[in-house]
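J.: What follows is a structure written as structure tokens; I'll ask about it next.
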Amino acid sequence: MSSMESQLPGDPRKWVEDLEAIWQAHDGKKAGQGFTDDAVLVWGANQRQSGPELSQRPSKWFAYAADLQITKQYVAHTHDTIVASWNSAYTSPETGKTVHERGIEYFKFRAGKVCEQRAWQHSWSEGDDSANSAFSTD
């Protein structure tokens, strides 16, 4: 297989729609599938997960953010990468406040499975007033 042959699992827009449905259903088992054995997730301050930690991450997230509401949107794709954005809200178990998140992520594929995922996000609690800020360090 040449490096320019499609590595994607089919229709990229449909893949993002299906991923959104899995996350909206809080289906941790399905959300934890579709990764290669050596897949890695990178986010935040060089935080990384792979292996069983990566496949169990969605179930742990759904237990933490029990009332999670999320939408995902297709952004773009290449022969081996799909880019999506998301908006979400959930109640923080620590503070009881509604936390809003907005982010973007890319999924790099090998033979139809995700081998690398990278995510960037911004989170804020409902009621935070950042409308007058010129920039944010959050």
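Chains: A, B, ... in order of the structure tokens. Residues: from 1 per chain. Ligands: from 1, in order shown.
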Please tabulate, as JSON lines, the residues of stretch 55-130 of chain A that come within 8 Å of stretch 13-29 of chain A, each with its closest pair of atoms and the distance in Å to one decimal, counting only C-alpha atoms and ordering rows by chain, then residue number upward.
T.:
{"residue": "A:Ser55", "atom": "CA", "partner": "A:Lys29", "partner_atom": "CA", "distance": 8.0}
{"residue": "A:Gln56", "atom": "CA", "partner": "A:Gly28", "partner_atom": "CA", "distance": 7.4}
{"residue": "A:Arg57", "atom": "CA", "partner": "A:Gly28", "partner_atom": "CA", "distance": 7.9}
{"residue": "A:Pro58", "atom": "CA", "partner": "A:Gly28", "partner_atom": "CA", "distance": 5.0}
{"residue": "A:Ser59", "atom": "CA", "partner": "A:Gly28", "partner_atom": "CA", "distance": 4.1}
{"residue": "A:Lys60", "atom": "CA", "partner": "A:Gly28", "partner_atom": "CA", "distance": 7.9}
{"residue": "A:Phe62", "atom": "CA", "partner": "A:His26", "partner_atom": "CA", "distance": 5.9}
{"residue": "A:Leu68", "atom": "CA", "partner": "A:Gln24", "partner_atom": "CA", "distance": 7.7}
{"residue": "A:Gln69", "atom": "CA", "partner": "A:Gln24", "partner_atom": "CA", "distance": 6.5}
{"residue": "A:Ile70", "atom": "CA", "partner": "A:Gln24", "partner_atom": "CA", "distance": 6.1}
{"residue": "A:Thr71", "atom": "CA", "partner": "A:Glu20", "partner_atom": "CA", "distance": 6.1}
{"residue": "A:Lys72", "atom": "CA", "partner": "A:Glu20", "partner_atom": "CA", "distance": 5.4}
{"residue": "A:Gln73", "atom": "CA", "partner": "A:Val16", "partner_atom": "CA", "distance": 6.8}
{"residue": "A:Tyr74", "atom": "CA", "partner": "A:Arg13", "partner_atom": "CA", "distance": 5.8}
{"residue": "A:Ala84", "atom": "CA", "partner": "A:Val16", "partner_atom": "CA", "distance": 7.1}
J.: For the residues in that selection, give me C-alpha atoms as a PDB file, in the first residue's frame.
T.:
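The resulting again.pdb:
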ATOM      1  CA  SER A  55      -9.578   2.027  25.350  1.00  0.00           C
ATOM      2  CA  GLN A  56     -11.009   2.500  28.881  1.00  0.00           C
ATOM      3  CA  ARG A  57     -10.815   6.311  28.791  1.00  0.00           C
ATOM      4  CA  PRO A  58     -14.306   6.924  27.294  1.00  0.00           C
ATOM      5  CA  SER A  59     -16.052   4.733  29.907  1.00  0.00           C
ATOM      6  CA  LYS A  60     -14.230   6.564  32.707  1.00  0.00           C
ATOM      7  CA  PHE A  62     -18.810   8.992  30.840  1.00  0.00           C
ATOM      8  CA  LEU A  68     -22.432  14.898  29.179  1.00  0.00           C
ATOM      9  CA  GLN A  69     -24.052  16.502  26.156  1.00  0.00           C
ATOM     10  CA  ILE A  70     -21.790  16.628  23.113  1.00  0.00           C
ATOM     11  CA  THR A  71     -21.845  17.446  19.432  1.00  0.00           C
ATOM     12  CA  LYS A  72     -19.057  16.742  16.970  1.00  0.00           C
ATOM     13  CA  GLN A  73     -18.551  18.320  13.588  1.00  0.00           C
ATOM     14  CA  TYR A  74     -16.531  17.138  10.612  1.00  0.00           C
ATOM     15  CA  ALA A  84     -13.306  17.100  13.893  1.00  0.00           C
TER      16      ALA A  84
END
J.: Do a neighbour search on A:Trp120 at 7 Å with only C-alpha atoms, toss out local chain neighbours closer than 4 positions, and write the hits as a PyMOL selection string.
T.: chain A and resi 43-44+103-105
J.: I'd like the contact shell of stretch 106-118 of chain A - 8 Å cut-off, only C-alpha atoms, skipping same-chain residues fewer than 6 positions apart - returned as a short mmCIF file (atom, residue, chain, number, x, y, z; two decimals) with N, CA, C and O atoms, in the first residue's frame.
T.:
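Writing done, so here's result_37.cif:
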data_model
loop_
_atom_site.label_atom_id
_atom_site.label_comp_id
_atom_site.auth_asym_id
_atom_site.auth_seq_id
_atom_site.Cartn_x
_atom_site.Cartn_y
_atom_site.Cartn_z
N GLN A 7 -6.13 5.50 4.00
CA GLN A 7 -6.05 4.70 5.22
C GLN A 7 -7.35 4.78 6.02
O GLN A 7 -7.48 4.15 7.05
N LEU A 8 -8.29 5.59 5.52
CA LEU A 8 -9.50 5.90 6.28
C LEU A 8 -10.50 4.74 6.28
O LEU A 8 -10.49 3.90 5.39
N PRO A 9 -11.41 4.72 7.26
CA PRO A 9 -12.39 3.64 7.39
C PRO A 9 -13.64 3.85 6.55
O PRO A 9 -14.70 3.33 6.89
N GLY A 10 -13.59 4.61 5.47
CA GLY A 10 -14.77 4.86 4.65
C GLY A 10 -15.04 6.34 4.53
O GLY A 10 -14.11 7.14 4.43
N GLY A 34 -11.73 0.57 17.81
CA GLY A 34 -11.30 1.19 16.56
C GLY A 34 -9.90 1.75 16.58
O GLY A 34 -9.50 2.49 15.68
N PHE A 35 -9.12 1.40 17.62
CA PHE A 35 -7.74 1.85 17.72
C PHE A 35 -6.79 0.70 17.35
O PHE A 35 -7.08 -0.45 17.62
N THR A 36 -5.65 1.04 16.78
CA THR A 36 -4.60 0.03 16.57
C THR A 36 -4.02 -0.35 17.93
O THR A 36 -4.21 0.36 18.92
N ASP A 37 -3.31 -1.47 17.97
CA ASP A 37 -2.72 -1.92 19.24
C ASP A 37 -1.69 -0.93 19.79
O ASP A 37 -1.49 -0.85 20.99
N ASP A 38 -1.07 -0.16 18.89
CA ASP A 38 -0.04 0.80 19.33
C ASP A 38 -0.54 2.25 19.32
O ASP A 38 0.26 3.18 19.38
N ALA A 39 -1.85 2.44 19.28
CA ALA A 39 -2.43 3.79 19.20
C ALA A 39 -2.06 4.62 20.43
O ALA A 39 -1.87 4.09 21.53
N VAL A 40 -2.00 5.94 20.21
CA VAL A 40 -1.70 6.86 21.29
C VAL A 40 -2.62 8.08 21.19
O VAL A 40 -2.95 8.51 20.10
N LEU A 41 -3.04 8.57 22.35
CA LEU A 41 -3.79 9.82 22.46
C LEU A 41 -2.89 10.81 23.17
O LEU A 41 -2.30 10.50 24.21
N VAL A 42 -2.76 12.02 22.60
CA VAL A 42 -1.95 13.08 23.19
C VAL A 42 -2.85 14.30 23.36
O VAL A 42 -3.57 14.69 22.45
N TRP A 43 -2.81 14.92 24.57
CA TRP A 43 -3.59 16.12 24.84
C TRP A 43 -2.89 16.91 25.92
O TRP A 43 -1.92 16.46 26.52
N ASP A 80 -5.13 10.03 5.28
CA ASP A 80 -4.94 9.24 6.50
C ASP A 80 -5.40 9.95 7.78
O ASP A 80 -5.16 9.44 8.88
N THR A 81 -6.04 11.10 7.67
CA THR A 81 -6.40 11.88 8.86
C THR A 81 -7.78 12.49 8.72
O THR A 81 -8.14 12.98 7.65
N ILE A 82 -8.54 12.44 9.81
CA ILE A 82 -9.83 13.12 9.91
C ILE A 82 -9.74 14.13 11.04
O ILE A 82 -9.26 13.82 12.13
N VAL A 83 -10.20 15.35 10.76
CA VAL A 83 -10.23 16.42 11.76
C VAL A 83 -11.68 16.70 12.12
O VAL A 83 -12.53 16.82 11.24
N ALA A 84 -11.95 16.81 13.41
CA ALA A 84 -13.31 17.10 13.89
C ALA A 84 -13.22 18.12 15.02
O ALA A 84 -12.19 18.24 15.69
#
J.: So that I can see what lies close to A:Gly127, please list as a PyMOL selection string the residues with an atom at most 10 Å from it, counting only C-alpha atoms and leaving out residues fewer than 4 positions away in the same chain.
T.: chain A and resi 97-99
J.: Dump C-alpha atoms for the selected residues as a PDB file, in the first residue's frame?
T.:
ATOM      1  CA  LYS A  97     -21.221  23.803  38.035  1.00  0.00           C
ATOM      2  CA  THR A  98     -21.898  23.263  34.355  1.00  0.00           C
ATOM      3  CA  VAL A  99     -18.609  22.991  32.486  1.00  0.00           C
TER       4      VAL A  99
END
J.: Per DSSP on the backbone, filter stretch 81-132 of chain A down to the residues in strand (DSSP E or B) and report them as a ChimeraX atom specification.
T.: /A:81-91,98-110,113-125
J.: Please run DSSP on the backbone and report, as a PyMOL selection string, all residues within chain A that come out as helix (DSSP H, G or I).
T.: chain A and resi 12-24+28-31+51-64
J.: Got time to write the residues from that selection, N, CA and C atoms, as a PDB file, in the first residue's frame?
T.:
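So result_37.pdb came out as:
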ATOM      1  N   PRO A  12     -15.437   9.870   5.598  1.00  0.00           N
ATOM      2  CA  PRO A  12     -15.013  10.620   6.789  1.00  0.00           C
ATOM      3  C   PRO A  12     -16.148  11.379   7.483  1.00  0.00           C
ATOM      4  N   ARG A  13     -17.049  11.976   6.720  1.00  0.00           N
ATOM      5  CA  ARG A  13     -18.169  12.695   7.345  1.00  0.00           C
ATOM      6  C   ARG A  13     -19.058  11.734   8.132  1.00  0.00           C
ATOM      7  N   LYS A  14     -19.335  10.593   7.564  1.00  0.00           N
ATOM      8  CA  LYS A  14     -20.164   9.576   8.224  1.00  0.00           C
ATOM      9  C   LYS A  14     -19.436   9.049   9.462  1.00  0.00           C
ATOM     10  N   TRP A  15     -18.119   8.896   9.374  1.00  0.00           N
ATOM     11  CA  TRP A  15     -17.351   8.418  10.516  1.00  0.00           C
ATOM     12  C   TRP A  15     -17.509   9.378  11.698  1.00  0.00           C
ATOM     13  N   VAL A  16     -17.435  10.686  11.437  1.00  0.00           N
ATOM     14  CA  VAL A  16     -17.610  11.679  12.509  1.00  0.00           C
ATOM     15  C   VAL A  16     -19.044  11.633  13.037  1.00  0.00           C
ATOM     16  N   GLU A  17     -20.021  11.510  12.159  1.00  0.00           N
ATOM     17  CA  GLU A  17     -21.430  11.387  12.606  1.00  0.00           C
ATOM     18  C   GLU A  17     -21.600  10.170  13.502  1.00  0.00           C
ATOM     19  N   ASP A  18     -21.020   9.042  13.110  1.00  0.00           N
ATOM     20  CA  ASP A  18     -21.117   7.820  13.917  1.00  0.00           C
ATOM     21  C   ASP A  18     -20.412   7.991  15.260  1.00  0.00           C
ATOM     22  N   LEU A  19     -19.251   8.653  15.246  1.00  0.00           N
ATOM     23  CA  LEU A  19     -18.524   8.909  16.489  1.00  0.00           C
ATOM     24  C   LEU A  19     -19.356   9.791  17.422  1.00  0.00           C
ATOM     25  N   GLU A  20     -19.987  10.815  16.860  1.00  0.00           N
ATOM     26  CA  GLU A  20     -20.851  11.682  17.656  1.00  0.00           C
ATOM     27  C   GLU A  20     -21.985  10.869  18.294  1.00  0.00           C
ATOM     28  N   ALA A  21     -22.627   9.999  17.527  1.00  0.00           N
ATOM     29  CA  ALA A  21     -23.733   9.182  18.052  1.00  0.00           C
ATOM     30  C   ALA A  21     -23.260   8.279  19.190  1.00  0.00           C
ATOM     31  N   ILE A  22     -22.066   7.706  19.055  1.00  0.00           N
ATOM     32  CA  ILE A  22     -21.506   6.843  20.107  1.00  0.00           C
ATOM     33  C   ILE A  22     -21.291   7.651  21.381  1.00  0.00           C
ATOM     34  N   TRP A  23     -20.728   8.864  21.246  1.00  0.00           N
ATOM     35  CA  TRP A  23     -20.486   9.708  22.420  1.00  0.00           C
ATOM     36  C   TRP A  23     -21.788  10.231  23.002  1.00  0.00           C
ATOM     37  N   GLN A  24     -22.756  10.546  22.171  1.00  0.00           N
ATOM     38  CA  GLN A  24     -24.045  11.003  22.690  1.00  0.00           C
ATOM     39  C   GLN A  24     -24.754   9.884  23.450  1.00  0.00           C
ATOM     40  N   GLY A  28     -19.303   3.649  26.172  1.00  0.00           N
ATOM     41  CA  GLY A  28     -17.878   3.552  26.429  1.00  0.00           C
ATOM     42  C   GLY A  28     -17.200   2.419  25.696  1.00  0.00           C
ATOM     43  N   LYS A  29     -17.888   1.308  25.548  1.00  0.00           N
ATOM     44  CA  LYS A  29     -17.303   0.156  24.866  1.00  0.00           C
ATOM     45  C   LYS A  29     -17.021   0.493  23.401  1.00  0.00           C
ATOM     46  N   LYS A  30     -18.031   1.022  22.690  1.00  0.00           N
ATOM     47  CA  LYS A  30     -17.833   1.375  21.279  1.00  0.00           C
ATOM     48  C   LYS A  30     -16.847   2.519  21.118  1.00  0.00           C
ATOM     49  N   ALA A  31     -16.892   3.496  22.021  1.00  0.00           N
ATOM     50  CA  ALA A  31     -15.975   4.643  21.930  1.00  0.00           C
ATOM     51  C   ALA A  31     -14.530   4.211  22.144  1.00  0.00           C
ATOM     52  N   GLY A  51      -2.795   1.840  24.847  1.00  0.00           N
ATOM     53  CA  GLY A  51      -3.155   0.518  25.348  1.00  0.00           C
ATOM     54  C   GLY A  51      -4.490   0.495  26.070  1.00  0.00           C
ATOM     55  N   PRO A  52      -4.596  -0.327  27.123  1.00  0.00           N
ATOM     56  CA  PRO A  52      -5.849  -0.448  27.862  1.00  0.00           C
ATOM     57  C   PRO A  52      -6.348   0.879  28.446  1.00  0.00           C
ATOM     58  N   GLU A  53      -5.412   1.745  28.869  1.00  0.00           N
ATOM     59  CA  GLU A  53      -5.801   3.065  29.396  1.00  0.00           C
ATOM     60  C   GLU A  53      -6.599   3.850  28.363  1.00  0.00           C
ATOM     61  N   LEU A  54      -6.144   3.801  27.108  1.00  0.00           N
ATOM     62  CA  LEU A  54      -6.806   4.529  26.033  1.00  0.00           C
ATOM     63  C   LEU A  54      -8.184   3.939  25.740  1.00  0.00           C
ATOM     64  N   SER A  55      -8.278   2.633  25.673  1.00  0.00           N
ATOM     65  CA  SER A  55      -9.578   2.027  25.350  1.00  0.00           C
ATOM     66  C   SER A  55     -10.578   2.166  26.496  1.00  0.00           C
ATOM     67  N   GLN A  56     -10.116   2.335  27.733  1.00  0.00           N
ATOM     68  CA  GLN A  56     -11.009   2.500  28.881  1.00  0.00           C
ATOM     69  C   GLN A  56     -11.347   3.964  29.166  1.00  0.00           C
ATOM     70  N   ARG A  57     -10.627   4.884  28.531  1.00  0.00           N
ATOM     71  CA  ARG A  57     -10.815   6.311  28.791  1.00  0.00           C
ATOM     72  C   ARG A  57     -12.261   6.780  28.590  1.00  0.00           C
ATOM     73  N   PRO A  58     -12.928   6.432  27.471  1.00  0.00           N
ATOM     74  CA  PRO A  58     -14.306   6.924  27.294  1.00  0.00           C
ATOM     75  C   PRO A  58     -15.245   6.470  28.416  1.00  0.00           C
ATOM     76  N   SER A  59     -15.172   5.217  28.828  1.00  0.00           N
ATOM     77  CA  SER A  59     -16.052   4.733  29.907  1.00  0.00           C
ATOM     78  C   SER A  59     -15.813   5.514  31.195  1.00  0.00           C
ATOM     79  N   LYS A  60     -14.552   5.784  31.507  1.00  0.00           N
ATOM     80  CA  LYS A  60     -14.230   6.564  32.707  1.00  0.00           C
ATOM     81  C   LYS A  60     -14.746   7.993  32.579  1.00  0.00           C
ATOM     82  N   TRP A  61     -14.638   8.562  31.370  1.00  0.00           N
ATOM     83  CA  TRP A  61     -15.118   9.927  31.149  1.00  0.00           C
ATOM     84  C   TRP A  61     -16.631   9.989  31.307  1.00  0.00           C
ATOM     85  N   PHE A  62     -17.349   9.004  30.745  1.00  0.00           N
ATOM     86  CA  PHE A  62     -18.810   8.992  30.840  1.00  0.00           C
ATOM     87  C   PHE A  62     -19.262   8.821  32.288  1.00  0.00           C
ATOM     88  N   ALA A  63     -18.517   8.080  33.098  1.00  0.00           N
ATOM     89  CA  ALA A  63     -18.848   7.940  34.519  1.00  0.00           C
ATOM     90  C   ALA A  63     -18.607   9.261  35.259  1.00  0.00           C
ATOM     91  N   TYR A  64     -17.555   9.982  34.896  1.00  0.00           N
ATOM     92  CA  TYR A  64     -17.231  11.259  35.530  1.00  0.00           C
ATOM     93  C   TYR A  64     -18.220  12.343  35.112  1.00  0.00           C
TER      94      TYR A  64
END
